[in-house]
Every structure is written in C-alpha cells, then in structure tokens.
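Dropping final05.cif in here (mmCIF, C-alpha atoms and all ligand atoms):
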```cif
data_protein
loop_
_atom_site.label_atom_id
_atom_site.label_comp_id
_atom_site.auth_asym_id
_atom_site.auth_seq_id
_atom_site.Cartn_x
_atom_site.Cartn_y
_atom_site.Cartn_z
CA MET A 1 -53.82 -114.75 -50.23
CA LYS A 2 -53.98 -113.40 -53.78
CA PRO A 3 -50.67 -111.94 -55.05
CA TYR A 4 -50.60 -108.16 -55.51
CA PRO A 5 -50.83 -106.90 -59.09
CA LYS A 6 -47.27 -106.13 -60.12
CA LYS A 7 -45.93 -102.89 -61.52
CA THR A 8 -43.51 -103.17 -64.45
CA LEU A 9 -39.89 -102.14 -63.98
CA GLY A 10 -36.97 -101.43 -66.32
CA ILE A 11 -33.41 -101.12 -65.00
CA TYR A 12 -31.00 -99.40 -67.37
CA SER A 13 -27.33 -98.56 -67.36
CA LEU A 14 -25.51 -95.84 -69.28
CA THR A 15 -21.75 -95.16 -69.07
CA CYS A 16 -20.52 -95.93 -65.52
CA CYS A 17 -18.97 -98.69 -63.42
CA GLU A 18 -22.39 -100.38 -63.01
CA GLY A 19 -21.85 -100.48 -59.24
CA CYS A 20 -25.38 -99.26 -58.55
CA GLN A 21 -26.89 -102.15 -60.52
CA PHE A 22 -24.69 -104.56 -58.58
CA GLU A 23 -25.99 -102.98 -55.38
CA ILE A 24 -29.55 -103.90 -56.48
CA LEU A 25 -28.49 -107.56 -56.55
CA LYS A 26 -26.38 -107.35 -53.40
CA ASP A 27 -28.91 -109.07 -51.17
CA TYR A 28 -30.97 -111.64 -53.02
CA ASP A 29 -33.49 -111.98 -50.16
CA ASP A 30 -34.27 -108.26 -50.40
CA PHE A 31 -34.37 -108.42 -54.22
CA SER A 32 -36.73 -111.40 -54.17
CA GLN A 33 -39.08 -109.45 -51.86
CA LEU A 34 -39.12 -106.65 -54.45
CA LEU A 35 -40.02 -109.20 -57.16
CA LYS A 36 -43.32 -109.83 -55.35
CA TYR A 37 -44.38 -106.29 -56.28
CA TYR A 38 -42.45 -105.56 -59.47
CA ASP A 39 -42.17 -107.44 -62.74
CA VAL A 40 -38.61 -106.70 -63.92
CA ARG A 41 -38.94 -106.58 -67.71
CA ASN A 42 -35.56 -105.12 -68.61
CA PHE A 43 -32.38 -105.63 -66.58
CA ARG A 44 -29.37 -106.45 -68.75
CA LEU A 45 -27.13 -107.26 -65.78
CA GLY A 46 -29.63 -109.60 -64.15
CA GLN A 47 -31.42 -111.49 -66.93
CA GLU A 48 -31.03 -112.79 -70.50
CA GLU A 49 -34.41 -111.80 -71.90
CA ASN A 50 -35.15 -108.08 -71.94
CA LEU A 51 -38.28 -106.40 -73.26
CA PRO A 52 -38.86 -102.83 -74.43
CA GLY A 53 -41.22 -100.48 -72.48
CA PRO A 54 -43.68 -99.05 -71.70
CA PHE A 55 -42.97 -99.53 -68.00
CA ASP A 56 -44.52 -98.14 -64.84
CA VAL A 57 -41.09 -97.32 -63.42
CA SER A 58 -37.58 -97.15 -64.92
CA LEU A 59 -34.30 -96.83 -63.04
CA VAL A 60 -31.29 -95.37 -64.83
CA GLU A 61 -27.67 -95.29 -63.68
CA GLY A 62 -24.66 -93.68 -65.38
CA THR A 63 -24.25 -90.72 -67.74
CA PRO A 64 -25.05 -90.53 -71.46
CA GLU A 65 -21.89 -90.48 -73.57
CA SER A 66 -22.68 -91.88 -77.03
CA LYS A 67 -25.41 -90.89 -79.49
CA GLU A 68 -27.01 -94.31 -78.83
CA GLU A 69 -27.12 -93.63 -75.08
CA TYR A 70 -28.78 -90.24 -75.61
CA THR A 71 -31.37 -91.94 -77.85
CA LEU A 72 -31.94 -94.69 -75.28
CA LEU A 73 -32.34 -92.14 -72.49
CA ARG A 74 -34.99 -90.19 -74.41
CA GLU A 75 -36.74 -93.45 -75.27
CA ILE A 76 -36.75 -94.45 -71.57
CA ARG A 77 -38.37 -91.10 -70.70
CA LYS A 78 -41.00 -91.52 -73.40
CA THR A 79 -41.93 -95.05 -72.37
CA SER A 80 -41.79 -94.77 -68.56
CA ALA A 81 -44.45 -93.30 -66.29
CA ILE A 82 -41.80 -92.69 -63.61
CA VAL A 83 -38.04 -92.28 -64.14
CA ILE A 84 -35.74 -92.59 -61.13
CA VAL A 85 -32.07 -91.73 -61.52
CA ILE A 86 -29.86 -93.87 -59.32
CA GLY A 87 -26.37 -93.07 -58.12
CA SER A 88 -24.15 -90.00 -58.22
CA CYS A 89 -23.19 -90.47 -61.91
CA ALA A 90 -26.80 -90.23 -63.03
CA HIS A 91 -27.72 -87.64 -60.41
CA LEU A 92 -24.69 -85.29 -60.53
CA GLY A 93 -22.34 -86.45 -63.28
CA GLY A 94 -20.34 -88.53 -60.80
CA ILE A 95 -16.64 -89.30 -60.76
CA GLN A 96 -16.37 -89.14 -64.56
CA SER A 97 -17.47 -85.48 -64.44
CA GLU A 98 -13.96 -84.70 -63.14
CA ARG A 99 -13.20 -84.76 -66.88
CA ASN A 100 -15.06 -81.44 -67.20
CA SER A 101 -12.33 -79.70 -65.20
CA LEU A 102 -9.54 -80.77 -67.62
CA PRO A 103 -8.18 -78.13 -69.99
CA LYS A 104 -10.10 -78.60 -73.25
CA LYS A 105 -6.91 -79.38 -75.21
CA MET A 106 -6.32 -82.46 -73.01
CA THR A 107 -9.54 -84.22 -74.02
CA LEU A 108 -11.55 -84.66 -77.18
CA ALA A 109 -14.56 -85.91 -75.28
CA LYS A 110 -17.56 -83.67 -74.59
CA ASP A 111 -18.41 -82.57 -71.05
CA VAL A 112 -20.08 -85.18 -68.86
CA VAL A 113 -23.71 -84.29 -68.14
CA SER A 114 -26.02 -85.67 -65.49
CA ILE A 115 -29.33 -87.28 -66.50
CA PRO A 116 -31.54 -84.44 -65.14
CA GLU A 117 -29.69 -82.11 -67.54
CA VAL A 118 -30.98 -84.18 -70.48
CA ILE A 119 -34.48 -85.38 -69.57
CA ASN A 120 -37.10 -84.60 -66.94
CA THR A 121 -36.77 -87.03 -64.08
CA ASP A 122 -39.14 -87.85 -61.25
CA PHE A 123 -36.95 -88.96 -58.35
CA ILE A 124 -33.31 -89.31 -57.35
CA VAL A 125 -31.79 -92.05 -55.26
CA PRO A 126 -28.32 -90.66 -54.47
CA GLY A 127 -24.97 -92.17 -53.51
CA CYS A 128 -21.91 -93.84 -54.97
CA PRO A 129 -23.05 -96.52 -54.87
CA ILE A 130 -26.72 -96.24 -53.91
CA SER A 131 -28.05 -98.18 -50.94
CA HIS A 132 -30.32 -100.97 -52.20
CA LYS A 133 -32.40 -100.63 -49.03
CA GLU A 134 -33.04 -96.93 -49.72
CA LEU A 135 -33.92 -97.72 -53.34
CA PHE A 136 -36.28 -100.56 -52.42
CA ALA A 137 -38.01 -98.34 -49.82
CA PHE A 138 -38.48 -95.76 -52.60
CA LEU A 139 -39.94 -98.40 -54.90
CA MET A 140 -42.31 -99.65 -52.23
CA ASP A 141 -43.55 -96.10 -51.58
CA ILE A 142 -44.20 -95.75 -55.31
CA TYR A 143 -45.94 -99.13 -55.39
CA TRP A 144 -48.34 -97.95 -52.66
CA ASN A 145 -48.82 -94.56 -54.38
CA LYS A 146 -46.92 -92.67 -51.69
CA VAL A 147 -44.50 -89.90 -52.67
CA PRO A 148 -41.02 -91.04 -51.59
CA THR A 149 -38.89 -88.48 -49.79
CA LEU A 150 -35.16 -88.16 -49.32
CA HIS A 151 -33.36 -87.67 -46.05
CA ASP A 152 -32.45 -83.95 -46.02
CA LEU A 153 -30.30 -83.67 -42.92
CA ALA A 154 -26.57 -83.23 -43.45
CA VAL A 155 -24.13 -86.14 -43.02
CA CYS A 156 -22.93 -84.36 -39.85
CA PHE A 157 -26.23 -85.21 -38.17
CA GLU A 158 -25.67 -88.97 -38.48
CA CYS A 159 -21.95 -88.52 -37.82
CA ARG A 160 -22.71 -86.90 -34.46
CA GLN A 161 -25.19 -89.68 -33.66
CA ASN A 162 -22.40 -92.18 -34.41
CA GLU A 163 -20.15 -90.29 -31.97
CA ASN A 164 -17.30 -89.87 -34.48
CA GLN A 165 -14.52 -87.37 -33.77
CA CYS A 166 -15.15 -84.42 -36.09
CA LEU A 167 -12.48 -84.27 -38.80
CA LEU A 168 -12.92 -80.51 -39.28
CA LYS A 169 -12.17 -79.97 -35.61
CA GLU A 170 -8.96 -81.99 -36.12
CA GLY A 171 -8.00 -79.66 -38.99
CA LYS A 172 -8.94 -82.17 -41.74
CA PRO A 173 -11.31 -81.43 -44.65
CA CYS A 174 -14.80 -82.93 -44.79
CA LEU A 175 -17.93 -82.03 -46.80
CA GLY A 176 -20.35 -83.47 -44.25
CA PRO A 177 -21.95 -80.10 -43.38
CA ILE A 178 -23.33 -79.53 -46.91
CA THR A 179 -23.94 -83.15 -47.97
CA ARG A 180 -27.23 -85.00 -47.80
CA GLY A 181 -27.17 -87.72 -45.16
CA GLY A 182 -28.92 -91.07 -45.26
CA CYS A 183 -25.69 -93.07 -45.60
CA ASP A 184 -25.21 -93.30 -41.82
CA SER A 185 -21.94 -91.29 -42.29
CA ILE A 186 -20.35 -94.51 -43.48
CA CYS A 187 -17.09 -92.93 -44.72
CA VAL A 188 -16.42 -91.00 -41.53
CA ASN A 189 -17.25 -94.08 -39.44
CA GLY A 190 -14.39 -95.75 -41.33
CA GLY A 191 -11.99 -92.84 -40.75
CA GLU A 192 -12.41 -91.13 -44.15
CA ALA A 193 -13.80 -87.70 -44.95
CA CYS A 194 -17.18 -87.20 -46.60
CA TYR A 195 -16.55 -86.23 -50.24
CA GLY A 196 -20.18 -85.47 -51.03
CA CYS A 197 -21.35 -88.48 -53.07
CA ARG A 198 -25.01 -87.95 -52.10
CA GLY A 199 -25.08 -84.34 -53.31
CA ALA A 200 -25.97 -81.18 -51.44
CA THR A 201 -28.78 -80.78 -48.91
CA ASP A 202 -31.52 -78.29 -49.80
CA GLN A 203 -30.14 -75.91 -47.15
CA ALA A 204 -26.44 -76.34 -48.02
CA ASP A 205 -24.45 -73.18 -47.26
CA PHE A 206 -21.64 -73.45 -49.82
CA ALA A 207 -20.09 -70.08 -48.87
CA LYS A 208 -19.82 -71.12 -45.23
CA MET A 209 -18.30 -74.49 -46.25
CA LYS A 210 -15.62 -72.67 -48.27
CA GLU A 211 -14.92 -70.41 -45.30
CA ILE A 212 -14.54 -73.43 -42.97
CA LEU A 213 -12.18 -75.17 -45.41
CA LYS A 214 -10.04 -72.07 -46.03
CA PRO A 215 -7.63 -72.48 -43.07
CA ILE A 216 -7.43 -76.26 -43.71
CA ILE A 217 -6.74 -76.67 -47.45
CA SER A 218 -5.92 -74.42 -50.40
CA ASP A 219 -8.68 -72.93 -52.54
CA GLU A 220 -7.61 -75.23 -55.38
CA ASP A 221 -7.88 -78.32 -53.14
CA SER A 222 -11.26 -77.24 -51.81
CA THR A 223 -12.52 -76.74 -55.39
CA ASN A 224 -11.15 -80.19 -56.30
CA MET A 225 -12.87 -81.72 -53.30
CA MET A 226 -16.14 -80.05 -54.21
CA THR A 227 -16.06 -81.36 -57.78
CA ILE A 228 -15.37 -85.05 -57.16
CA TYR A 229 -18.91 -86.37 -57.60
CA GLY A 230 -20.46 -83.40 -59.33
CA ASP A 231 -19.83 -79.72 -59.21
CA TYR A 232 -20.79 -78.13 -55.88
CA GLU A 233 -19.42 -74.81 -57.21
CA CYS A 234 -21.86 -74.97 -60.16
CA GLU A 235 -24.69 -75.96 -57.85
CA TRP A 236 -23.79 -73.03 -55.60
CA LYS A 237 -23.85 -70.66 -58.58
CA ARG A 238 -27.14 -72.12 -59.83
CA ARG A 239 -28.80 -71.66 -56.44
CA THR A 240 -27.38 -68.14 -56.08
CA ASP A 241 -28.53 -67.21 -59.60
CA GLU A 242 -31.95 -68.50 -58.70
CA GLY A 243 -31.85 -66.39 -55.53
CA LYS A 244 -31.95 -69.41 -53.21
S1 LIG B 301 -22.73 -93.85 -58.79
FE1 LIG B 301 -20.77 -94.80 -58.27
S2 LIG B 301 -21.24 -96.98 -58.01
FE2 LIG B 301 -22.98 -96.03 -59.10
S3 LIG B 301 -22.52 -96.37 -61.24
FE3 LIG B 301 -21.70 -94.35 -60.71
S4 LIG B 301 -19.53 -94.73 -60.15
FE4 LIG B 301 -20.59 -96.68 -60.14
S1 LIG B 302 -16.43 -85.42 -39.47
FE1 LIG B 302 -17.44 -84.50 -41.22
S2 LIG B 302 -19.47 -85.37 -41.22
FE2 LIG B 302 -18.61 -85.72 -39.20
S3 LIG B 302 -19.34 -84.01 -37.97
FE3 LIG B 302 -17.31 -83.47 -38.76
S4 LIG B 302 -17.73 -82.36 -40.66
FE4 LIG B 302 -19.59 -83.44 -40.10
S1 LIG B 303 -20.16 -90.02 -45.97
FE1 LIG B 303 -20.32 -88.64 -47.74
S2 LIG B 303 -19.06 -89.57 -49.33
FE2 LIG B 303 -19.45 -91.13 -47.77
S3 LIG B 303 -21.28 -92.24 -48.45
FE3 LIG B 303 -21.99 -90.58 -47.10
S4 LIG B 303 -22.41 -88.87 -48.49
FE4 LIG B 303 -21.14 -90.31 -49.62
#
```

For the file at hand, write its structure as structure tokens.
Ligand code: SF4
Ligand code: SF4
Ligand code: SF4
Amino acid sequence: MKPYPKKTLGIYSLTCCEGCQFEILKDYDDFSQLLKYYDVRNFRLGQEENLPGPFDVSLVEGTPESKEEYTLLREIRKTSAIVIVIGSCAHLGGIQSERNSLPKKMTLAKDVVSIPEVINTDFIVPGCPISHKELFAFLMDIYWNKVPTLHDLAVCFECRQNENQCLLKEGKPCLGPITRGGCDSICVNGGEACYGCRGATDQADFAKMKEILKPIISDEDSTNMMTIYGDYECEWKRRTDEGK
C-alpha cells in the first residue's frame, strides 16, 4: 500500500512548563502512528534539526512573554495554514496568569495574555496538561479534512458516569458544573476538586456557580478558585457584555 501524503507540522513552545509537549511524546506508539500522517518539521523538544515554516499545521503551547516570543508567535500565524493552541496556558493564560491578580507594585512584569488574545487561532485543545489522545484525534480529523469538535458537556457529566460522590453535596468546592469535560473527571476520580483547567463550557452559568459556592467558601476564595487557570470572572463579564 502506498503511504499517505503527509501534512507538515510545527510544534512550538512559548513560556510554560512544557508539560503539553511532553504529553505529545508520552506514548511513543501513538506518536509513531501520527508520524505516518504528519512530517514533523519543527519540534525543539523532540529533534535536533528544526526547519522554518510554512507548515500545514502548527501547535503552540505556553504564553508569549518576551519580544522574541511575540515575534515568533506572529511568524507562526503567518506561516501556518492552521494554528492550534494546546494547553491551558496557551488557551486561557494558565497558571502563570495568577500573576495578573497581584497588586501592580508587587511585579514589574506585564500581564500574562493567552494566545487567542494576540493572534487569530483555529482550534483549541484544552487541559493542563492536554491529553495526547485528544490532540492526535484532532490532528487526524484535520488530516482527513474533517472539522474537529470539542466535548462540550460539563465535567459533572463524566463525574456522574464515574459514580463519584459529589464534592459540592459534601460541602466542598468544585468547578465541575461550568468546566468543559473530556478529561473523564480525572481529578475528582482521584479525590480532588475540578479547578477548571479545560476552561468553561459554552453554556457555563457563572452566576449560578458563584451562588452554589457562596455557602461553601468565601467570595475571595471563590474568585481565587475561578482564576487559577485563566479568569472565569473575565470570561463571565465578556459573555455578559456580548449578551450571551
Ligand atoms: S498547560 Fe499546564 S502542562 Fe501545559 S504547558 Fe501549561 S502549565 Fe504546562
Ligand atoms: S464532584 Fe464536581 S464534577 Fe463531580 S458532580 Fe460534583 S460538582 Fe460535578
Ligand atoms: S477535572 Fe477539571 S481540573 Fe481536572 S483535568 Fe478535568 S477539567 Fe481539568
């Protein structure tokens, strides 16, 4: 059988822990399957020789911090037919965006911004870290010219399927009701709350979430919880301003 013509792929990292890139290499059998369809031309973590675009698809993790990273990001957009942001840093600002809540006199650094705030992007693969299986399924859809779609049911849906005891019912905080599932409620399965690393569902009811958390934790703690991976309060305001 003739091999399929390969699409070209660039995998880039801006400021972050690089955990999403490591996730790509987590299972070499899965990665080697992907290599049958994609020619990885740029992947600093995975190979010595890296070429500049143009590429059919580029993946970007992390947030732009330096002037060089902003330039690289704009260059990636210019030279890539499709740009996919991977992980909560790239998608929402991620853990480092906690810096935005510090009083300005405590930091000289500028606010952390997510990648969609800087360039137009085509798709998001969420999570901290991403799931390599979800990413590879996305890439295979793109390879076959199908539009990839994200799971849009809340984490609670998978949590109920996994028959976990609901933390909210036990008087403990959890952001499962407003957070996009697709992670198989992995944190709750392990006894931890959902802190929202996959971002909000399209139907997220932020006001209701605040109301549910009110008797459980203080307003300050609920705001802190809702800003760990990105700013749910900002997202709430943006959607309200847009009349959603
Ligand atoms: S999303 Fe999480 S795992 Fe991925 S790069 Fe950011 S901090 Fe690391
Ligand atoms: S524990 Fe969290 S994710 Fe699970 S059902 Fe309750 S609120 Fe939803
Ligand atoms: S349960 Fe919540 S915090 Fe944990 S992986 Fe899923 S979306 Fe992220």

Checklist entry - Taking all atoms listed in the file into account, which of A:Lys210, A:Lys105, A:Lys26, A:His151 comes nearest ligand LIG 303 (chain B)? => result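 So, comparing all the options, the nearest one is A:His151.
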
Checklist entry - Which residues come within 10 Å of His91 (chain A), counting only C-alpha atoms, excluding same-chain residues fewer than 4 positions away, as a PyMOL selection string? => result chain A and resi 60-63+84-87+113-117+121+123-127+197-199+229-230

Now that the selection is made, can you save its residues with C-alpha atoms as a PDB file, in the frame of the given file?
```
ATOM      1  CA  VAL A  60     -31.290 -95.370 -64.830  1.00  0.00           C
ATOM      2  CA  GLU A  61     -27.670 -95.290 -63.680  1.00  0.00           C
ATOM      3  CA  GLY A  62     -24.660 -93.680 -65.380  1.00  0.00           C
ATOM      4  CA  THR A  63     -24.250 -90.720 -67.740  1.00  0.00           C
ATOM      5  CA  ILE A  84     -35.740 -92.590 -61.130  1.00  0.00           C
ATOM      6  CA  VAL A  85     -32.070 -91.730 -61.520  1.00  0.00           C
ATOM      7  CA  ILE A  86     -29.860 -93.870 -59.320  1.00  0.00           C
ATOM      8  CA  GLY A  87     -26.370 -93.070 -58.120  1.00  0.00           C
ATOM      9  CA  VAL A 113     -23.710 -84.290 -68.140  1.00  0.00           C
ATOM     10  CA  SER A 114     -26.020 -85.670 -65.490  1.00  0.00           C
ATOM     11  CA  ILE A 115     -29.330 -87.280 -66.500  1.00  0.00           C
ATOM     12  CA  PRO A 116     -31.540 -84.440 -65.140  1.00  0.00           C
ATOM     13  CA  GLU A 117     -29.690 -82.110 -67.540  1.00  0.00           C
ATOM     14  CA  THR A 121     -36.770 -87.030 -64.080  1.00  0.00           C
ATOM     15  CA  PHE A 123     -36.950 -88.960 -58.350  1.00  0.00           C
ATOM     16  CA  ILE A 124     -33.310 -89.310 -57.350  1.00  0.00           C
ATOM     17  CA  VAL A 125     -31.790 -92.050 -55.260  1.00  0.00           C
ATOM     18  CA  PRO A 126     -28.320 -90.660 -54.470  1.00  0.00           C
ATOM     19  CA  GLY A 127     -24.970 -92.170 -53.510  1.00  0.00           C
ATOM     20  CA  CYS A 197     -21.350 -88.480 -53.070  1.00  0.00           C
ATOM     21  CA  ARG A 198     -25.010 -87.950 -52.100  1.00  0.00           C
ATOM     22  CA  GLY A 199     -25.080 -84.340 -53.310  1.00  0.00           C
ATOM     23  CA  TYR A 229     -18.910 -86.370 -57.600  1.00  0.00           C
ATOM     24  CA  GLY A 230     -20.460 -83.400 -59.330  1.00  0.00           C
TER      25      GLY A 230
END
```

Next on the checklist: Need the shell around region 203-205 of chain A: protein/DNA/RNA residues with any atom at most 9 Å away, counting only C-alpha atoms. Skip same-chain ones fewer than 6 positions apart. Format as a list in words?
Outcome noted: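 Close residues of region 203-205 of chain A: Asp152, Leu153, Ala154, Pro177, Ile178, Thr179, Arg180 and Trp236 of chain A.
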
Item to check | Spatial neighbours of Ser13 (chain A), 12 Å, all atoms listed in the file, chain gap at least 4 places, as a PyMOL selection string | outcome: chain A and resi 17-22+42-46+58-65+69-70+72-73+76+85-87+89-90+115

Checklist entry - Which of these, A:Glu192, A:Asp56, A:Asp219, A:Asp231, has the shortest distance to ligand LIG 303 (chain B) once you count all atoms listed in the file? => result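 Nearest to ligand LIG 303 (chain B): A:Glu192.
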
Checklist entry - When the cut-off is 8 Å and you count all atoms listed in the file, which residues lie near ligand LIG 302 (chain B), shown as JSON, numbers by chain? => result {"A": [154, 155, 156, 157, 158, 159, 160, 164, 165, 166, 167, 168, 169, 173, 174, 175, 176, 177, 185, 188, 193, 194]}

Next on the checklist: Using only C-alpha atoms for the distances, tell me which of A:Thr8, A:Thr15, A:Ser222, A:Thr71 is nearest to Arg41 (chain A).
Outcome noted: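 Of A:Thr8, A:Thr15, A:Ser222, A:Thr71, the one nearest Arg41 (chain A) is A:Thr8, counting only C-alpha atoms.
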
Checklist entry - In Å, with one decimal, what is the gap from CA of Leu34 (chain A) to CA of Arg74 (chain A)? => result 26.2 Å

Next on the checklist: Excluding region 237-241 of chain A and its own-chain neighbours fewer than 3 positions away, which residues fall within 10 Å of it when counting only C-alpha atoms? Please give them as a ChimeraX atom specification.
Outcome noted: /A:202,204,206,231-234,244

Please save C-alpha atoms of the selected residues as an mmCIF file, in the frame of the given file.
```
data_model
loop_
_atom_site.group_PDB
_atom_site.id
_atom_site.type_symbol
_atom_site.label_atom_id
_atom_site.label_comp_id
_atom_site.auth_asym_id
_atom_site.auth_seq_id
_atom_site.Cartn_x
_atom_site.Cartn_y
_atom_site.Cartn_z
ATOM 1 C CA ASP A 202 -31.520 -78.290 -49.800
ATOM 2 C CA ALA A 204 -26.440 -76.340 -48.020
ATOM 3 C CA PHE A 206 -21.640 -73.450 -49.820
ATOM 4 C CA ASP A 231 -19.830 -79.720 -59.210
ATOM 5 C CA TYR A 232 -20.790 -78.130 -55.880
ATOM 6 C CA GLU A 233 -19.420 -74.810 -57.210
ATOM 7 C CA CYS A 234 -21.860 -74.970 -60.160
ATOM 8 C CA LYS A 244 -31.950 -69.410 -53.210
#
```

Next on the checklist: If I take CA of Asp29 (chain A) and atom S2 of ligand LIG 303 (chain B), how far is one from the other in Å, to one decimal?
Outcome noted: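 So the answer is 26.7 Å.
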
Next on the checklist: My list of candidates is A:Asn100, A:Asn162, A:Thr223, A:Ser32. Which is closest to ligand LIG 303 (chain B) when distances are computed with only C-alpha atoms and all ligand atoms?
Outcome noted: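 Smallest separation from ligand LIG 303 (chain B) among the options: A:Asn162.
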
Item to check | Residue with smallest distance to ligand LIG 301 (chain B) - pool A:Ile82, A:Ala207, A:Leu139, A:Cys128, counting only C-alpha atoms and all ligand atoms | outcome: A:Cys128

Checklist entry - In Å to one decimal, how far is CA of Ile24 (chain A) from CA of Tyr143 (chain A)? => result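 Computing the Euclidean distance for CA of Tyr143 (chain A) and CA of Ile24 (chain A) yields 17.1 Å.
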
Checklist outcome for this item: Residue with the minimum atom-to-atom distance to Tyr28 (chain A), picked from A:Lys133, A:Cys16, A:Gly181, A:Lys208 with all atoms listed in the file counted, is A:Lys133
